[in-house]
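To start, the structure itself, in structure tokens.
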Amino acid sequence: MGAYRKYIITMGIVWGVSFFLFAIAYYFFITPQLKIKSQLLKEATEKKERLNIALGISLEDNRKKLAAEIESLKTKLSNYVFEYEDSPNLTFAVSRIAGDRQVSAFTVKTTEISRQQDQPTAKNFQENKIEISFASDFLQFANFINDLERHQPVVFVDRFRVQREGQGGTSSKIDMSLSFFVRRKQTG
């Protein structure tokens with residue numbers, strides 16, 4: 001029994017010293033690491049919150065910027081597209097320009113658009129065309145074209161043909177095909 005008791009006391013001392021050494025190691029090595037880990041987690045949480053706030057502000061700023069850009073694009077688009085309700089007034093506008101430029105024998109007619117297979121189709125817009133013909137001299141014709149170029153919304157000159165009216169005359173007969181974009185009538 002003496003050897004057994006000696007063995008237990010030796011094991012108790014070894015275990016006690018080991019426990020004491022582990023406690024000292026825990027206190028000096030592991031506890032500081034746990035404090036640093038806790039501090040890093042706290043900083044990471046604060047930075048994540050700041051990031052979320054910054055992203056929220058950024059998203060709000062982005063929304064405002066995108067809304068402003070959309071409004072700007074709508075304004076630019078209105079320079080190229082007639083509203084559906086205003087499209088019949090284009091013939092009157094072109095007639096007024098022709099009257100201001102004092103061209104003679106002015107005629108205007110709307111043409112039906114023949115849909116071609118290769119022509120792109122738009123969901124919200126359509127292309128309308130009008131054919132005009134008149135007689136004028138070169139200066140009247142140039143001024144007429146200039147006025148059409150300045151018209152808002154834009155009117156595109158698809159083609160034109162100039163025919164001289166006789167040998168000595170300064171007047172020429174002009175046929176033009178004009179096109180313009182119209183916002184489609186909204187259904188429903």
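To be explicit about the labels: the chains of the structure tokens are called A, B, and onward in the order shown, and within each one the residues are counted from 1, while ligands get numbers from 1 in the order they are shown.
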
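Every protein, DNA or RNA residue with an atom at most 8 Å from A:Glu131, where only C-alpha atoms count and chain neighbours fewer than 5 positions away do not, is listed here: A:Val108, A:Lys109, A:Thr110, A:Thr111, A:Asp175, A:Met176, A:Ser177, A:Leu178.
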
Spatial neighbours of stretch 150-160 of chain A, 12 Å, only C-alpha atoms, chain gap at least 6 places, as a count of residues only: 40

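Note that atom CA of A:Asp147 and atom CA of A:Phe92 are 14.0 Å apart.
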
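Compared by their closest atoms to A:Ile145, and using only C-alpha atoms, the residues A:Ala98, A:Gln126, A:Tyr26, A:Arg161 rank with A:Ala98 nearest.
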
DSSP strand (DSSP E) selection over chain A, as number ranges by chain: A: 81-82, 104-111, 125-136, 156-164, 172-183

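Separating atom CA of A:Ile57 from atom CA of A:Thr45 is a distance of 18.3 Å.
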
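The two atoms in question, atom CA of A:Glu46 and atom CA of A:Lys64, are spaced 26.9 Å apart.
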
Got a sec to tell me which of chain A DSSP assigns to alpha helix (DSSP H), as a PDB file with C-alpha atoms, in the first residue's frame?
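See result08.pdb below for the written result:
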ATOM      1  CA  GLY A   2       2.899   2.285   0.460  1.00  0.00           C
ATOM      2  CA  ALA A   3       3.878   2.151  -3.214  1.00  0.00           C
ATOM      3  CA  TYR A   4       0.314   2.821  -4.192  1.00  0.00           C
ATOM      4  CA  ARG A   5       0.131   5.861  -1.922  1.00  0.00           C
ATOM      5  CA  LYS A   6       3.454   7.146  -3.220  1.00  0.00           C
ATOM      6  CA  TYR A   7       2.152   6.760  -6.767  1.00  0.00           C
ATOM      7  CA  ILE A   8      -1.020   8.752  -5.956  1.00  0.00           C
ATOM      8  CA  ILE A   9       0.920  11.545  -4.253  1.00  0.00           C
ATOM      9  CA  THR A  10       3.339  11.754  -7.165  1.00  0.00           C
ATOM     10  CA  MET A  11       0.441  11.859  -9.607  1.00  0.00           C
ATOM     11  CA  GLY A  12      -1.294  14.539  -7.523  1.00  0.00           C
ATOM     12  CA  ILE A  13       1.844  16.680  -7.501  1.00  0.00           C
ATOM     13  CA  VAL A  14       2.323  16.210 -11.256  1.00  0.00           C
ATOM     14  CA  TRP A  15      -1.327  17.040 -11.869  1.00  0.00           C
ATOM     15  CA  GLY A  16      -1.180  20.055  -9.548  1.00  0.00           C
ATOM     16  CA  VAL A  17       1.986  21.429 -11.146  1.00  0.00           C
ATOM     17  CA  SER A  18       0.534  20.789 -14.619  1.00  0.00           C
ATOM     18  CA  PHE A  19      -2.708  22.521 -13.684  1.00  0.00           C
ATOM     19  CA  PHE A  20      -0.752  25.467 -12.269  1.00  0.00           C
ATOM     20  CA  LEU A  21       1.398  25.686 -15.432  1.00  0.00           C
ATOM     21  CA  PHE A  22      -1.702  25.462 -17.653  1.00  0.00           C
ATOM     22  CA  ALA A  23      -3.397  28.197 -15.632  1.00  0.00           C
ATOM     23  CA  ILE A  24      -0.362  30.458 -15.959  1.00  0.00           C
ATOM     24  CA  ALA A  25      -0.143  29.711 -19.729  1.00  0.00           C
ATOM     25  CA  THR A  31      -6.493  35.419 -22.316  1.00  0.00           C
ATOM     26  CA  PRO A  32      -4.748  38.235 -24.267  1.00  0.00           C
ATOM     27  CA  GLN A  33      -5.604  36.458 -27.514  1.00  0.00           C
ATOM     28  CA  LEU A  34      -9.251  36.228 -26.471  1.00  0.00           C
ATOM     29  CA  LYS A  35      -9.274  39.947 -25.626  1.00  0.00           C
ATOM     30  CA  ILE A  36      -7.756  40.780 -29.008  1.00  0.00           C
ATOM     31  CA  LYS A  37     -10.300  38.524 -30.729  1.00  0.00           C
ATOM     32  CA  SER A  38     -13.136  40.209 -28.856  1.00  0.00           C
ATOM     33  CA  GLN A  39     -11.820  43.652 -29.766  1.00  0.00           C
ATOM     34  CA  LEU A  40     -11.426  42.665 -33.429  1.00  0.00           C
ATOM     35  CA  LEU A  41     -14.985  41.306 -33.526  1.00  0.00           C
ATOM     36  CA  LYS A  42     -16.266  44.534 -31.995  1.00  0.00           C
ATOM     37  CA  GLU A  43     -14.337  46.644 -34.543  1.00  0.00           C
ATOM     38  CA  ALA A  44     -15.535  44.428 -37.383  1.00  0.00           C
ATOM     39  CA  THR A  45     -19.145  44.841 -36.231  1.00  0.00           C
ATOM     40  CA  GLU A  46     -18.756  48.632 -36.034  1.00  0.00           C
ATOM     41  CA  LYS A  47     -17.151  48.753 -39.481  1.00  0.00           C
ATOM     42  CA  LYS A  48     -19.874  46.535 -40.904  1.00  0.00           C
ATOM     43  CA  GLU A  49     -22.517  48.887 -39.492  1.00  0.00           C
ATOM     44  CA  ARG A  50     -20.693  51.889 -40.979  1.00  0.00           C
ATOM     45  CA  LEU A  51     -20.457  50.047 -44.297  1.00  0.00           C
ATOM     46  CA  ASN A  52     -24.188  49.305 -44.247  1.00  0.00           C
ATOM     47  CA  ILE A  53     -24.936  52.952 -43.464  1.00  0.00           C
ATOM     48  CA  ALA A  54     -22.584  54.077 -46.247  1.00  0.00           C
ATOM     49  CA  LEU A  55     -24.167  51.626 -48.669  1.00  0.00           C
ATOM     50  CA  GLY A  56     -27.616  52.830 -47.668  1.00  0.00           C
ATOM     51  CA  ILE A  57     -26.591  56.428 -48.279  1.00  0.00           C
ATOM     52  CA  SER A  58     -24.860  55.397 -51.473  1.00  0.00           C
ATOM     53  CA  LEU A  59     -27.951  53.531 -52.652  1.00  0.00           C
ATOM     54  CA  GLU A  60     -30.105  56.556 -51.870  1.00  0.00           C
ATOM     55  CA  ASP A  61     -27.629  58.808 -53.695  1.00  0.00           C
ATOM     56  CA  ASN A  62     -27.550  56.353 -56.584  1.00  0.00           C
ATOM     57  CA  ARG A  63     -31.337  56.303 -56.712  1.00  0.00           C
ATOM     58  CA  LYS A  64     -31.407  60.099 -56.803  1.00  0.00           C
ATOM     59  CA  LYS A  65     -28.699  60.202 -59.472  1.00  0.00           C
ATOM     60  CA  LEU A  66     -30.495  57.570 -61.555  1.00  0.00           C
ATOM     61  CA  ALA A  67     -33.804  59.408 -61.201  1.00  0.00           C
ATOM     62  CA  ALA A  68     -32.118  62.636 -62.317  1.00  0.00           C
ATOM     63  CA  GLU A  69     -30.483  60.821 -65.229  1.00  0.00           C
ATOM     64  CA  ILE A  70     -33.820  59.307 -66.259  1.00  0.00           C
ATOM     65  CA  GLU A  71     -35.421  62.751 -66.221  1.00  0.00           C
ATOM     66  CA  SER A  72     -32.536  64.099 -68.291  1.00  0.00           C
ATOM     67  CA  LEU A  73     -32.931  61.265 -70.803  1.00  0.00           C
ATOM     68  CA  LYS A  74     -36.684  61.851 -70.986  1.00  0.00           C
ATOM     69  CA  THR A  75     -35.998  65.501 -71.754  1.00  0.00           C
ATOM     70  CA  LYS A  76     -33.507  64.527 -74.448  1.00  0.00           C
ATOM     71  CA  LEU A  77     -35.975  61.993 -75.823  1.00  0.00           C
ATOM     72  CA  SER A  78     -38.658  64.655 -76.077  1.00  0.00           C
ATOM     73  CA  ASN A  89     -49.915  68.916 -85.901  1.00  0.00           C
ATOM     74  CA  LEU A  90     -46.638  68.176 -87.683  1.00  0.00           C
ATOM     75  CA  THR A  91     -48.211  68.641 -91.106  1.00  0.00           C
ATOM     76  CA  PHE A  92     -49.428  72.053 -89.989  1.00  0.00           C
ATOM     77  CA  ALA A  93     -45.976  72.913 -88.612  1.00  0.00           C
ATOM     78  CA  VAL A  94     -44.300  71.932 -91.883  1.00  0.00           C
ATOM     79  CA  SER A  95     -46.930  73.899 -93.827  1.00  0.00           C
ATOM     80  CA  ARG A  96     -46.265  76.934 -91.601  1.00  0.00           C
ATOM     81  CA  ILE A  97     -42.515  76.654 -92.244  1.00  0.00           C
ATOM     82  CA  ALA A  98     -43.207  76.438 -95.984  1.00  0.00           C
ATOM     83  CA  GLY A  99     -45.461  79.495 -95.763  1.00  0.00           C
ATOM     84  CA  ASP A 100     -42.800  81.421 -93.812  1.00  0.00           C
ATOM     85  CA  PHE A 138     -32.180  77.456-104.015  1.00  0.00           C
ATOM     86  CA  LEU A 139     -32.161  80.026-101.198  1.00  0.00           C
ATOM     87  CA  GLN A 140     -35.768  79.242-100.209  1.00  0.00           C
ATOM     88  CA  PHE A 141     -34.985  75.517-100.298  1.00  0.00           C
ATOM     89  CA  ALA A 142     -31.859  75.938 -98.132  1.00  0.00           C
ATOM     90  CA  ASN A 143     -33.765  78.054 -95.608  1.00  0.00           C
ATOM     91  CA  PHE A 144     -36.619  75.538 -95.568  1.00  0.00           C
ATOM     92  CA  ILE A 145     -34.190  72.660 -94.843  1.00  0.00           C
ATOM     93  CA  ASN A 146     -32.497  74.770 -92.178  1.00  0.00           C
ATOM     94  CA  ASP A 147     -35.845  75.435 -90.467  1.00  0.00           C
ATOM     95  CA  LEU A 148     -36.700  71.720 -90.572  1.00  0.00           C
ATOM     96  CA  GLU A 149     -33.351  70.897 -88.953  1.00  0.00           C
ATOM     97  CA  ARG A 150     -34.102  73.282 -86.095  1.00  0.00           C
TER      98      ARG A 150
END
